[in-house]
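Student: Contents of target11.csv (CSV, C-alpha atoms and all ligand atoms) are given next:
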chain,number,residue,atom,x,y,z
A,275,MET,CA,0.0,0.0,0.0
A,276,PHE,CA,1.2,3.5,-0.8
A,277,LEU,CA,-0.1,5.1,2.4
A,278,SER,CA,-0.7,2.9,5.3
A,279,VAL,CA,-2.2,4.3,8.5
A,280,HIS,CA,-2.3,2.0,11.5
A,281,ASP,CA,-4.0,2.5,14.9
A,282,LEU,CA,-3.7,6.3,14.7
A,283,THR,CA,-4.9,7.8,17.9
A,284,LYS,CA,-5.0,11.5,18.9
A,285,LYS,CA,-6.0,13.0,22.2
A,286,TYR,CA,-6.4,16.6,23.3
A,287,GLN,CA,-6.0,16.7,27.0
A,288,ASN,CA,-8.1,13.7,28.1
A,289,LYS,CA,-10.4,13.8,25.1
A,290,THR,CA,-9.7,11.3,22.4
A,291,VAL,CA,-10.6,12.9,19.0
A,292,LEU,CA,-9.2,10.1,16.7
A,293,HIS,CA,-9.8,6.6,17.9
A,294,SER,CA,-7.3,4.0,16.5
A,295,LEU,CA,-7.9,4.7,12.9
A,296,SER,CA,-6.5,2.2,10.4
A,297,PHE,CA,-6.8,2.6,6.6
A,298,ASP,CA,-4.8,2.5,3.4
A,299,VAL,CA,-4.6,4.6,0.3
A,300,GLN,CA,-3.4,3.3,-3.0
A,301,LYS,CA,-1.0,5.2,-5.3
A,302,ASN,CA,-3.0,7.6,-7.7
A,303,GLU,CA,-6.1,7.2,-5.6
A,304,ILE,CA,-8.3,10.0,-4.2
A,305,LEU,CA,-9.6,9.1,-0.8
A,306,VAL,CA,-12.2,11.5,0.5
A,307,VAL,CA,-12.6,12.0,4.2
A,308,LEU,CA,-16.2,12.8,4.9
A,309,GLY,CA,-18.1,13.5,8.1
A,310,PRO,CA,-20.0,16.0,10.2
A,311,SER,CA,-18.4,19.1,11.7
A,312,GLY,CA,-16.1,18.3,14.5
A,313,CYS,CA,-15.7,14.6,13.7
A,314,GLY,CA,-11.9,15.0,13.3
A,315,LYS,CA,-11.3,15.5,9.6
A,316,SER,CA,-8.8,18.4,9.9
A,317,THR,CA,-7.1,16.8,12.9
A,318,LEU,CA,-6.5,13.6,10.8
A,319,LEU,CA,-4.9,15.7,8.0
A,320,SER,CA,-2.8,17.5,10.5
A,321,CYS,CA,-1.6,14.2,11.9
A,322,LEU,CA,-0.7,13.0,8.4
A,323,ASN,CA,1.3,16.1,7.5
A,324,GLY,CA,3.0,16.0,10.8
A,325,PHE,CA,1.9,19.4,12.3
A,326,THR,CA,0.0,17.5,15.0
A,327,LYS,CA,1.8,14.9,17.0
A,328,ILE,CA,-0.1,11.6,17.4
A,329,ASP,CA,-0.4,9.7,20.7
A,330,GLN,CA,-0.4,6.2,19.2
A,331,GLY,CA,-0.1,4.4,15.9
A,332,ASP,CA,2.1,4.6,12.9
A,333,ILE,CA,2.0,6.1,9.4
A,334,LYS,CA,3.9,4.6,6.4
A,335,LEU,CA,4.2,6.4,3.1
A,336,ASP,CA,5.8,4.8,0.1
A,337,ASN,CA,7.5,2.1,2.2
A,338,GLN,CA,8.9,4.6,4.7
A,339,ASP,CA,7.8,5.0,8.3
A,340,ILE,CA,7.1,8.7,8.6
A,341,THR,CA,5.5,8.6,12.1
A,342,GLU,CA,8.4,10.5,13.6
A,343,VAL,CA,9.5,12.4,10.5
A,344,LEU,CA,9.4,16.3,10.6
A,345,PRO,CA,6.6,17.8,8.5
A,346,GLU,CA,9.0,19.4,6.1
A,347,ASN,CA,10.6,16.1,5.4
A,348,ARG,CA,7.4,14.1,4.8
A,349,ASP,CA,6.9,14.9,1.1
A,350,ILE,CA,3.3,15.8,1.9
A,351,THR,CA,1.7,19.1,0.8
A,352,THR,CA,-1.5,20.5,2.2
A,353,VAL,CA,-3.9,22.8,0.3
A,354,PHE,CA,-6.3,24.8,2.6
A,355,GLN,CA,-9.6,26.4,2.3
A,356,SER,CA,-7.9,29.8,2.7
A,357,TYR,CA,-5.7,30.1,-0.3
A,358,ASN,CA,-2.5,31.3,1.6
A,359,LEU,CA,-1.2,33.0,-1.6
A,360,PHE,CA,1.3,35.8,-1.3
A,361,PRO,CA,-0.4,39.1,-2.3
A,362,HIS,CA,2.9,40.9,-3.0
A,363,MET,CA,4.0,38.3,-5.7
A,364,ASN,CA,2.4,37.8,-9.1
A,365,VAL,CA,0.8,34.5,-10.1
A,366,LEU,CA,3.9,33.0,-11.6
A,367,LYS,CA,6.0,33.8,-8.6
A,368,ASN,CA,3.4,32.3,-6.3
A,369,LEU,CA,3.7,29.1,-8.2
A,370,MET,CA,7.5,29.2,-8.3
A,371,TYR,CA,7.6,29.8,-4.5
A,372,GLY,CA,6.8,26.1,-3.8
A,373,LEU,CA,9.9,25.1,-5.7
A,374,LYS,CA,12.1,27.4,-3.7
A,375,PHE,CA,13.0,24.6,-1.4
A,376,GLN,CA,13.8,22.1,-4.1
A,377,LYS,CA,17.3,22.1,-5.6
A,378,ILE,CA,16.3,23.3,-9.1
A,379,SER,CA,17.6,26.4,-11.0
A,380,HIS,CA,15.5,29.6,-11.4
A,381,ALA,CA,15.1,28.9,-15.1
A,382,ASP,CA,13.8,25.4,-14.5
A,383,ALA,CA,11.4,26.6,-11.8
A,384,ARG,CA,10.1,29.2,-14.2
A,385,LYS,CA,9.6,26.6,-16.9
A,386,LYS,CA,7.7,24.3,-14.4
A,387,ALA,CA,5.5,27.2,-13.2
A,388,LEU,CA,4.6,28.0,-16.8
A,389,GLN,CA,3.8,24.4,-17.5
A,390,MET,CA,1.6,24.3,-14.4
A,391,LEU,CA,-0.2,27.5,-15.5
A,392,LYS,CA,-0.9,25.8,-18.8
A,393,LEU,CA,-2.3,22.7,-17.0
A,394,LEU,CA,-4.5,25.0,-14.9
A,395,GLN,CA,-5.6,26.8,-18.1
A,396,MET,CA,-4.5,30.1,-16.7
A,397,GLU,CA,-1.6,31.0,-19.0
A,398,PRO,CA,-2.8,34.6,-19.6
A,399,TYR,CA,-2.6,35.3,-15.9
A,400,ALA,CA,1.2,34.8,-15.3
A,401,ASP,CA,1.9,38.4,-14.5
A,402,SER,CA,-1.4,39.2,-12.8
A,403,ARG,CA,-1.5,40.2,-9.2
A,404,ILE,CA,-3.3,37.9,-6.8
A,405,GLN,CA,-5.9,40.5,-6.0
A,406,GLU,CA,-6.8,40.7,-9.6
A,407,LEU,CA,-8.0,37.1,-9.7
A,408,SER,CA,-11.4,35.8,-8.9
A,409,GLY,CA,-11.9,33.4,-5.9
A,410,GLY,CA,-12.0,30.4,-8.3
A,411,GLN,CA,-8.8,31.5,-10.0
A,412,GLN,CA,-7.0,32.0,-6.7
A,413,GLN,CA,-8.1,28.6,-5.6
A,414,ARG,CA,-6.8,27.1,-8.8
A,415,ILE,CA,-3.4,28.8,-8.2
A,416,ALA,CA,-3.4,27.5,-4.6
A,417,LEU,CA,-4.0,24.0,-6.0
A,418,GLY,CA,-1.3,24.5,-8.6
A,419,ARG,CA,1.2,25.5,-5.8
A,420,GLY,CA,0.4,22.3,-4.1
A,421,LEU,CA,0.7,20.2,-7.3
A,422,ILE,CA,3.9,21.8,-8.7
A,423,VAL,CA,6.1,20.3,-6.0
A,424,GLU,CA,4.8,16.8,-7.0
A,425,PRO,CA,4.5,15.7,-3.4
A,426,LYS,CA,4.0,12.0,-2.7
A,427,LEU,CA,0.7,12.9,-1.1
A,428,LEU,CA,-1.4,15.9,-1.5
A,429,LEU,CA,-3.9,16.7,1.3
A,430,LEU,CA,-6.8,19.1,0.6
A,431,ASP,CA,-8.8,20.5,3.5
A,432,GLU,CA,-12.2,21.7,2.2
A,433,PRO,CA,-10.5,23.6,-0.6
A,434,PHE,CA,-13.6,24.6,-2.5
A,435,SER,CA,-15.9,25.6,0.3
A,436,ASN,CA,-15.4,29.3,-0.3
A,437,LEU,CA,-16.5,29.0,-3.9
A,438,ASP,CA,-20.1,29.4,-5.2
A,439,GLU,CA,-22.0,26.3,-6.2
A,440,LYS,CA,-21.3,26.5,-10.0
A,441,LEU,CA,-17.6,27.1,-9.5
A,442,ARG,CA,-17.4,24.3,-7.0
A,443,LEU,CA,-18.8,21.8,-9.5
A,444,LYS,CA,-16.3,23.0,-12.1
A,445,MET,CA,-13.4,22.7,-9.7
A,446,ARG,CA,-14.3,19.2,-8.8
A,447,GLN,CA,-14.0,18.2,-12.5
A,448,GLU,CA,-10.8,20.2,-12.7
A,449,LEU,CA,-9.3,18.4,-9.7
A,450,ARG,CA,-10.1,15.0,-11.2
A,451,ARG,CA,-8.5,16.0,-14.5
A,452,LEU,CA,-5.3,17.3,-12.8
A,453,GLN,CA,-5.1,14.2,-10.7
A,454,LYS,CA,-5.2,12.0,-13.7
A,455,GLU,CA,-2.8,14.1,-15.7
A,456,LEU,CA,-0.3,14.2,-12.9
A,457,ASN,CA,-0.9,10.8,-11.3
A,458,MET,CA,-1.3,12.3,-7.9
A,459,THR,CA,-2.3,10.5,-4.7
A,460,MET,CA,-4.7,12.7,-2.7
A,461,ILE,CA,-6.7,12.8,0.5
A,462,PHE,CA,-9.6,15.3,0.2
A,463,VAL,CA,-11.5,16.5,3.2
A,464,THR,CA,-15.1,17.6,2.9
A,465,HIS,CA,-18.4,17.6,4.8
A,466,ASP,CA,-20.4,17.8,1.5
A,467,GLN,CA,-21.5,14.3,0.3
A,468,GLN,CA,-22.1,15.4,-3.2
A,469,GLU,CA,-18.6,16.6,-3.4
A,470,ALA,CA,-17.4,13.3,-1.9
A,471,PHE,CA,-19.3,11.3,-4.5
A,472,ALA,CA,-18.0,13.5,-7.3
A,473,ILE,CA,-14.3,13.4,-6.3
A,474,GLY,CA,-13.6,10.3,-4.3
A,475,ASP,CA,-12.4,6.9,-5.7
A,476,ARG,CA,-13.3,5.8,-2.2
A,477,ILE,CA,-14.8,7.6,0.8
A,478,LEU,CA,-13.8,7.3,4.4
A,479,LEU,CA,-16.8,8.3,6.5
A,480,MET,CA,-16.0,9.3,10.0
A,481,ASP,CA,-18.1,10.2,13.0
A,482,LYS,CA,-16.8,11.3,16.4
A,483,GLY,CA,-13.3,10.2,15.5
A,484,HIS,CA,-14.3,6.7,14.5
A,485,ILE,CA,-14.2,5.3,11.0
A,486,GLN,CA,-17.8,4.2,10.2
A,487,GLN,CA,-17.2,2.9,6.7
A,488,ILE,CA,-14.6,3.0,3.9
A,489,SER,CA,-15.9,2.2,0.4
A,490,SER,CA,-16.8,3.6,-3.0
A,491,GLY,CA,-19.6,6.2,-2.9
A,492,LYS,CA,-21.9,3.8,-4.6
A,493,GLU,CA,-21.3,1.1,-2.0
A,494,LEU,CA,-21.8,3.7,0.8
A,495,TYR,CA,-25.2,4.6,-0.6
A,496,THR,CA,-26.5,1.2,-1.6
A,497,ASN,CA,-24.9,-0.8,1.2
A,498,PRO,CA,-24.5,1.2,4.3
A,499,LYS,CA,-22.9,-0.8,7.2
A,500,ASN,CA,-24.7,0.9,10.1
A,501,THR,CA,-27.4,3.3,11.0
A,502,PHE,CA,-25.0,6.3,11.1
A,503,VAL,CA,-24.0,5.7,7.5
A,504,LEU,CA,-27.6,5.1,6.4
A,505,LYS,CA,-28.8,8.4,7.9
A,506,PHE,CA,-25.8,10.5,6.9
A,507,ILE,CA,-25.7,9.5,3.3
A,508,GLY,CA,-28.7,10.6,1.3
A,509,GLU,CA,-32.3,10.6,2.4
A,510,THR,CA,-34.0,7.5,3.8
A,511,ASN,CA,-37.2,6.1,5.3
A,512,ILE,CA,-36.4,4.0,8.3
A,513,LEU,CA,-38.9,1.2,8.8
A,514,SER,CA,-37.3,-0.7,11.7
A,515,ASP,CA,-33.9,-1.2,13.3
A,516,ASP,CA,-32.4,-2.8,10.1
A,517,ASP,CA,-35.0,-2.1,7.4
A,518,TYR,CA,-35.2,1.0,5.3
A,519,VAL,CA,-36.2,2.2,1.9
A,520,ARG,CA,-34.7,5.0,-0.1
A,521,PRO,CA,-37.1,7.7,-1.4
A,522,GLU,CA,-36.4,6.9,-5.0
A,523,ASN,CA,-37.2,3.2,-4.5
A,524,ILE,CA,-40.8,3.8,-3.6
A,525,HIS,CA,-43.3,3.6,-6.5
A,526,LEU,CA,-46.5,5.6,-6.4
A,527,THR,CA,-49.5,4.8,-8.6
A,528,LYS,CA,-52.7,6.8,-8.7
A,529,SER,CA,-55.5,4.8,-7.2
A,530,ASN,CA,-58.7,5.9,-5.6
A,531,ASP,CA,-58.6,3.0,-3.2
A,532,GLY,CA,-54.9,3.3,-2.6
A,533,GLN,CA,-53.7,3.2,1.1
A,534,GLY,CA,-51.4,6.1,0.7
A,535,ILE,CA,-52.3,9.8,0.8
A,536,VAL,CA,-50.2,12.6,-0.6
A,537,GLU,CA,-49.6,15.1,2.2
A,538,LYS,CA,-47.1,17.5,0.6
A,539,VAL,CA,-45.6,18.1,-2.8
A,540,PHE,CA,-42.1,19.6,-3.3
A,541,PHE,CA,-41.4,20.5,-6.9
A,542,GLN,CA,-37.7,20.2,-7.6
A,543,GLY,CA,-37.6,20.5,-11.4
A,544,SER,CA,-36.4,17.2,-12.8
A,545,THR,CA,-37.7,15.3,-9.8
A,546,ILE,CA,-40.6,15.7,-7.4
A,547,ASP,CA,-40.5,15.0,-3.7
A,548,TYR,CA,-43.7,13.9,-1.9
A,549,ARG,CA,-44.5,13.3,1.7
A,550,ILE,CA,-46.9,10.4,1.8
A,551,LYS,CA,-48.9,9.0,4.8
A,552,TYR,CA,-49.0,5.3,4.5
A,553,ASN,CA,-49.6,2.6,7.1
A,554,GLY,CA,-49.5,5.1,9.9
A,555,GLN,CA,-46.0,6.3,8.9
A,556,GLU,CA,-44.7,9.3,6.9
A,557,PHE,CA,-42.7,8.4,3.8
A,558,GLN,CA,-40.5,10.6,1.8
A,559,VAL,CA,-40.7,9.7,-1.9
A,560,THR,CA,-38.8,11.0,-4.9
A,561,CYS,CA,-40.2,10.6,-8.4
A,562,LEU,CA,-38.9,11.6,-11.7
A,563,ASN,CA,-40.9,14.5,-13.2
A,564,ASN,CA,-42.6,12.8,-16.0
A,565,GLY,CA,-45.3,15.5,-16.3
A,566,LYS,CA,-47.8,13.7,-14.1
A,567,ILE,CA,-47.7,15.3,-10.7
A,568,PHE,CA,-49.9,14.0,-7.8
A,569,ALA,CA,-51.9,16.6,-6.0
A,570,VAL,CA,-52.1,17.0,-2.2
A,571,GLY,CA,-54.9,14.7,-0.9
A,572,GLN,CA,-54.6,12.2,-3.8
A,573,ARG,CA,-54.8,8.6,-2.8
A,574,VAL,CA,-52.0,6.4,-4.2
A,575,ARG,CA,-50.8,2.9,-4.2
A,576,VAL,CA,-47.4,2.6,-2.5
A,577,ASP,CA,-45.0,-0.1,-3.6
A,578,TYR,CA,-41.4,-0.7,-2.4
A,579,LYS,CA,-38.9,-3.4,-1.7
A,580,ILE,CA,-37.4,-3.2,1.7
A,581,ALA,CA,-33.6,-2.9,2.0
A,582,GLN,CA,-31.6,-4.1,5.0
A,583,LEU,CA,-28.6,-2.6,6.6
A,584,GLY,CA,-25.3,-4.3,5.7
A,585,GLU,CA,-26.9,-6.3,2.8
A,586,PRO,CA,-26.7,-5.4,-0.9
A,587,LYS,CA,-30.0,-4.3,-2.3
B,1,LIG,N1,-6.0,22.2,19.2
B,1,LIG,C1,-7.0,21.6,19.8
B,1,LIG,N2,-7.2,21.5,21.1
B,1,LIG,C2,-8.3,20.9,21.6
B,1,LIG,N3,-9.2,20.3,20.9
B,1,LIG,C3,-9.1,20.4,19.6
B,1,LIG,C4,-8.1,21.0,18.9
B,1,LIG,N4,-8.2,20.9,17.6
B,1,LIG,C5,-9.4,20.2,17.4
B,1,LIG,N5,-9.9,19.9,18.6
B,1,LIG,C6,-11.2,19.1,18.8
B,1,LIG,O1,-11.1,17.9,18.1
B,1,LIG,C7,-12.3,17.6,17.5
B,1,LIG,C8,-12.1,17.4,16.0
B,1,LIG,O2,-11.9,18.7,15.4
B,1,LIG,P1,-11.6,18.8,13.8
B,1,LIG,O3,-11.3,20.3,13.6
B,1,LIG,O4,-10.5,17.9,13.4
B,1,LIG,O5,-13.0,18.4,13.2
B,1,LIG,P2,-13.5,18.6,11.7
B,1,LIG,O6,-14.2,17.3,11.3
B,1,LIG,O7,-12.3,19.0,10.8
B,1,LIG,O8,-14.5,19.8,11.8
B,1,LIG,P3,-15.0,20.9,10.7
B,1,LIG,O9,-15.7,20.1,9.6
B,1,LIG,O10,-15.9,21.7,11.5
B,1,LIG,O11,-13.8,21.6,10.3
B,1,LIG,C9,-13.3,18.7,17.9
B,1,LIG,O12,-14.0,18.2,19.0
B,1,LIG,C10,-12.4,19.8,18.2
B,1,LIG,O13,-13.0,20.6,19.2
Could I get this file's structure written as structure tokens?
Ligand SMILES: Nc1ncnc2c1ncn2[C@@H]1O[C@H](COP(=O)(O)OP(=O)(O)OP(=O)(O)O)[C@@H](O)[C@H]1O
Tutor:
Amino acid sequence: MFLSVHDLTKKYQNKTVLHSLSFDVQKNEILVVLGPSGCGKSTLLSCLNGFTKIDQGDIKLDNQDITEVLPENRDITTVFQSYNLFPHMNVLKNLMYGLKFQKISHADARKKALQMLKLLQMEPYADSRIQELSGGQQQRIALGRGLIVEPKLLLLDEPFSNLDEKLRLKMRQELRRLQKELNMTMIFVTHDQQEAFAIGDRILLMDKGHIQQISSGKELYTNPKNTFVLKFIGETNILSDDDYVRPENIHLTKSNDGQGIVEKVFFQGSTIDYRIKYNGQEFQVTCLNNGKIFAVGQRVRVDYKIAQLGEPK
């Protein structure tokens, strides 16, 4: 395994915030760390890059035990939500800055920075001042500064959360493109599950410093291991301790003697969400908008197949 984390434990005073985490990351993989606010995502990154000392466990990167290695010698770079760009340097110089600590000539550093600008599709901005760039452009340069040093591992801590929705979607695709072109290994932290699905080869879902599940996004959604995963990922109708049905897996048919009653209609554009009262329980249902929209008070037949926790649907 390229990155191997074993039994990683972190305590602040007497409070354990990371509980014996063990996981691997393959070379050229993007692992997304997902979880609610305060679950320990940033602390985990900080333990990996070495800025936070761990209490227990070990970390191996590319066959080297880096548990006790100083941050600057770990060959790991972190890109943060705040861009941390230098306002007094132009775009090209900001990119070249990352190479300052590598033993390469000024001319080669400049050449590499120009190549990176090309890869980022920002060639016209080489001489621009940082303040002249939009938020998305600044984020792209911050990403470029992390990528240019070609670290063994690139850590990204909610890098797109300052961007508007449209730009965020674009940057997700951009990141995947850059990762493929540069063959990078990345760990990407987010609390946004759509972002996790879009970016991650696999997702490590965490809660209160414990790993709840590590798998592909599809597996996380269709085969949640426990109630936390089930409730955290997507919407769901819980029927009993282990039984549930996802809103899109409920089929409604107009029927005057149907046992379900439409209580609320939420028009979403391409889909329509309904709240249905059926069998003494409220159900959330998502239907494709095929032009036939049920009205509030309509009686409907309700069909679904029950899914069970921990079992493939
Ligand atoms: N320096 C510190 N001293 C004490 N407790 C800390 C410190 N840093 C983090 N914590 C605690 O560790 C836990 C995990 O925090 P962390 O910032 O890693 O969570 P997170 O998942 O990144 O949250 P968010 O999504 O809100 O950024 C929290 O309970 C936090 O209060």
Student: Enumerate residues in contact with ligand LIG 1 (chain B): an atom-to-atom distance of at most 10 Å, counting all atoms listed in the file. Format the result as a PyMOL selection string.
Tutor: chain A and resi 284-292+307-321+326+431-432+463-466+480-483
Student: Using all atoms listed in the file, which residue out of A:Gln447, A:Gln376, A:Ser356, A:Thr459 lies closest to Gly409 of chain A?
Tutor: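 Selected residue with least distance to Gly409 of chain A: A:Ser356.
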Student: Have a look at A:Val423, A:Gly508, A:Asn364, A:Gln468 and name the one nearest to Lys377 of chain A; count only C-alpha atoms.
Tutor: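 That would be A:Val423, the residue with the smallest distance to Lys377 of chain A.
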Student: Give as an MDAnalysis selection string each residue that has an atom at most 12 Å from (9.8, 23.7, -12.7) in the file, counting only C-alpha atoms.
Tutor: chainID A and resid 366:367 369:391 418:419 421:424
Student: Just how far from atom CA of Cys561 of chain A is atom CA of Phe502 of chain A, in Å to one decimal?
Tutor: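 These two atoms are separated by 25.1 Å.
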Student: Restricting the calculation to only C-alpha atoms: of A:Phe568, A:Tyr548, A:Phe354, A:Tyr495, which residue gets closest to Ser529 of chain A?
Tutor: A:Phe568
Student: Is there a way to get, as an MDAnalysis selection string, all residues within 9 Å of the point (-55.0, 13.2, -1.3) in file coordinates, counting only C-alpha atoms?
Tutor: chainID A and resid 534:537 568:574
Student: Which is closer to Glu469 of chain A than all the others in A:Pro425, A:Pro433, A:Pro498, A:Pro361, using all atoms listed in the file?
Tutor: A:Pro433
Student: Measuring atom to atom with only C-alpha atoms, identify which of A:Lys551, A:Lys499, A:Lys528, A:Lys492 is nearest to Asp516 of chain A.
Tutor: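 Selected residue with least distance to Asp516 of chain A: A:Lys499.
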Student: Rounded to one decimal place, report the atom CA of Ile477 of chain A-atom CA of Ile304 of chain A distance in Å.
Tutor: 8.5 Å
Student: Measure the distance from atom CA of Val559 of chain A to atom CA of Thr501 of chain A in Å and round it to one decimal.
Tutor: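 Atom-to-atom, atom CA of Val559 of chain A to atom CA of Thr501 of chain A, that is 19.6 Å.
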Student: Restricting the calculation to all atoms listed in the file, which member of A:Arg414, A:Arg549, A:Arg451, A:Lys327 is positioned closest to Pro345 of chain A?
Tutor: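 Checking each candidate against Pro345 of chain A, we get A:Lys327 as the closest.
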Student: Quick one: residues within 12 Å of Asn323 of chain A, only C-alpha atoms counted, chain neighbours fewer than 4 positions away excluded, as a tab-separated table (two decimals) with C-alpha atoms, in the coordinates of the input?
Tutor:
chain	number	residue	atom	x	y	z
A	316	SER	CA	-8.80	18.40	9.90
A	317	THR	CA	-7.10	16.80	12.90
A	318	LEU	CA	-6.50	13.60	10.80
A	319	LEU	CA	-4.90	15.70	8.00
A	327	LYS	CA	1.80	14.90	17.00
A	328	ILE	CA	-0.10	11.60	17.40
A	333	ILE	CA	2.00	6.10	9.40
A	334	LYS	CA	3.90	4.60	6.40
A	335	LEU	CA	4.20	6.40	3.10
A	340	ILE	CA	7.10	8.70	8.60
A	341	THR	CA	5.50	8.60	12.10
A	342	GLU	CA	8.40	10.50	13.60
A	343	VAL	CA	9.50	12.40	10.50
A	344	LEU	CA	9.40	16.30	10.60
A	345	PRO	CA	6.60	17.80	8.50
A	346	GLU	CA	9.00	19.40	6.10
A	347	ASN	CA	10.60	16.10	5.40
A	348	ARG	CA	7.40	14.10	4.80
A	349	ASP	CA	6.90	14.90	1.10
A	350	ILE	CA	3.30	15.80	1.90
A	351	THR	CA	1.70	19.10	0.80
A	352	THR	CA	-1.50	20.50	2.20
A	353	VAL	CA	-3.90	22.80	0.30
A	425	PRO	CA	4.50	15.70	-3.40
A	426	LYS	CA	4.00	12.00	-2.70
A	427	LEU	CA	0.70	12.90	-1.10
A	428	LEU	CA	-1.40	15.90	-1.50
A	429	LEU	CA	-3.90	16.70	1.30
A	430	LEU	CA	-6.80	19.10	0.60
A	431	ASP	CA	-8.80	20.50	3.50
A	461	ILE	CA	-6.70	12.80	0.50
Student: Give me the residues within 10 Å of Gln555 of chain A as a PDB file with C-alpha atoms, in the coordinates of the input, counting all atoms listed in the file and dropping any in the same chain fewer than 5 places off.
Tutor:
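Listed below is the output, selection_27.pdb:
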ATOM      1  CA  ASN A 511     -37.200   6.100   5.300  1.00  0.00           C
ATOM      2  CA  ILE A 512     -36.400   4.000   8.300  1.00  0.00           C
ATOM      3  CA  LEU A 513     -38.900   1.200   8.800  1.00  0.00           C
ATOM      4  CA  GLY A 534     -51.400   6.100   0.700  1.00  0.00           C
ATOM      5  CA  ILE A 550     -46.900  10.400   1.800  1.00  0.00           C
TER       6      ILE A 550
END
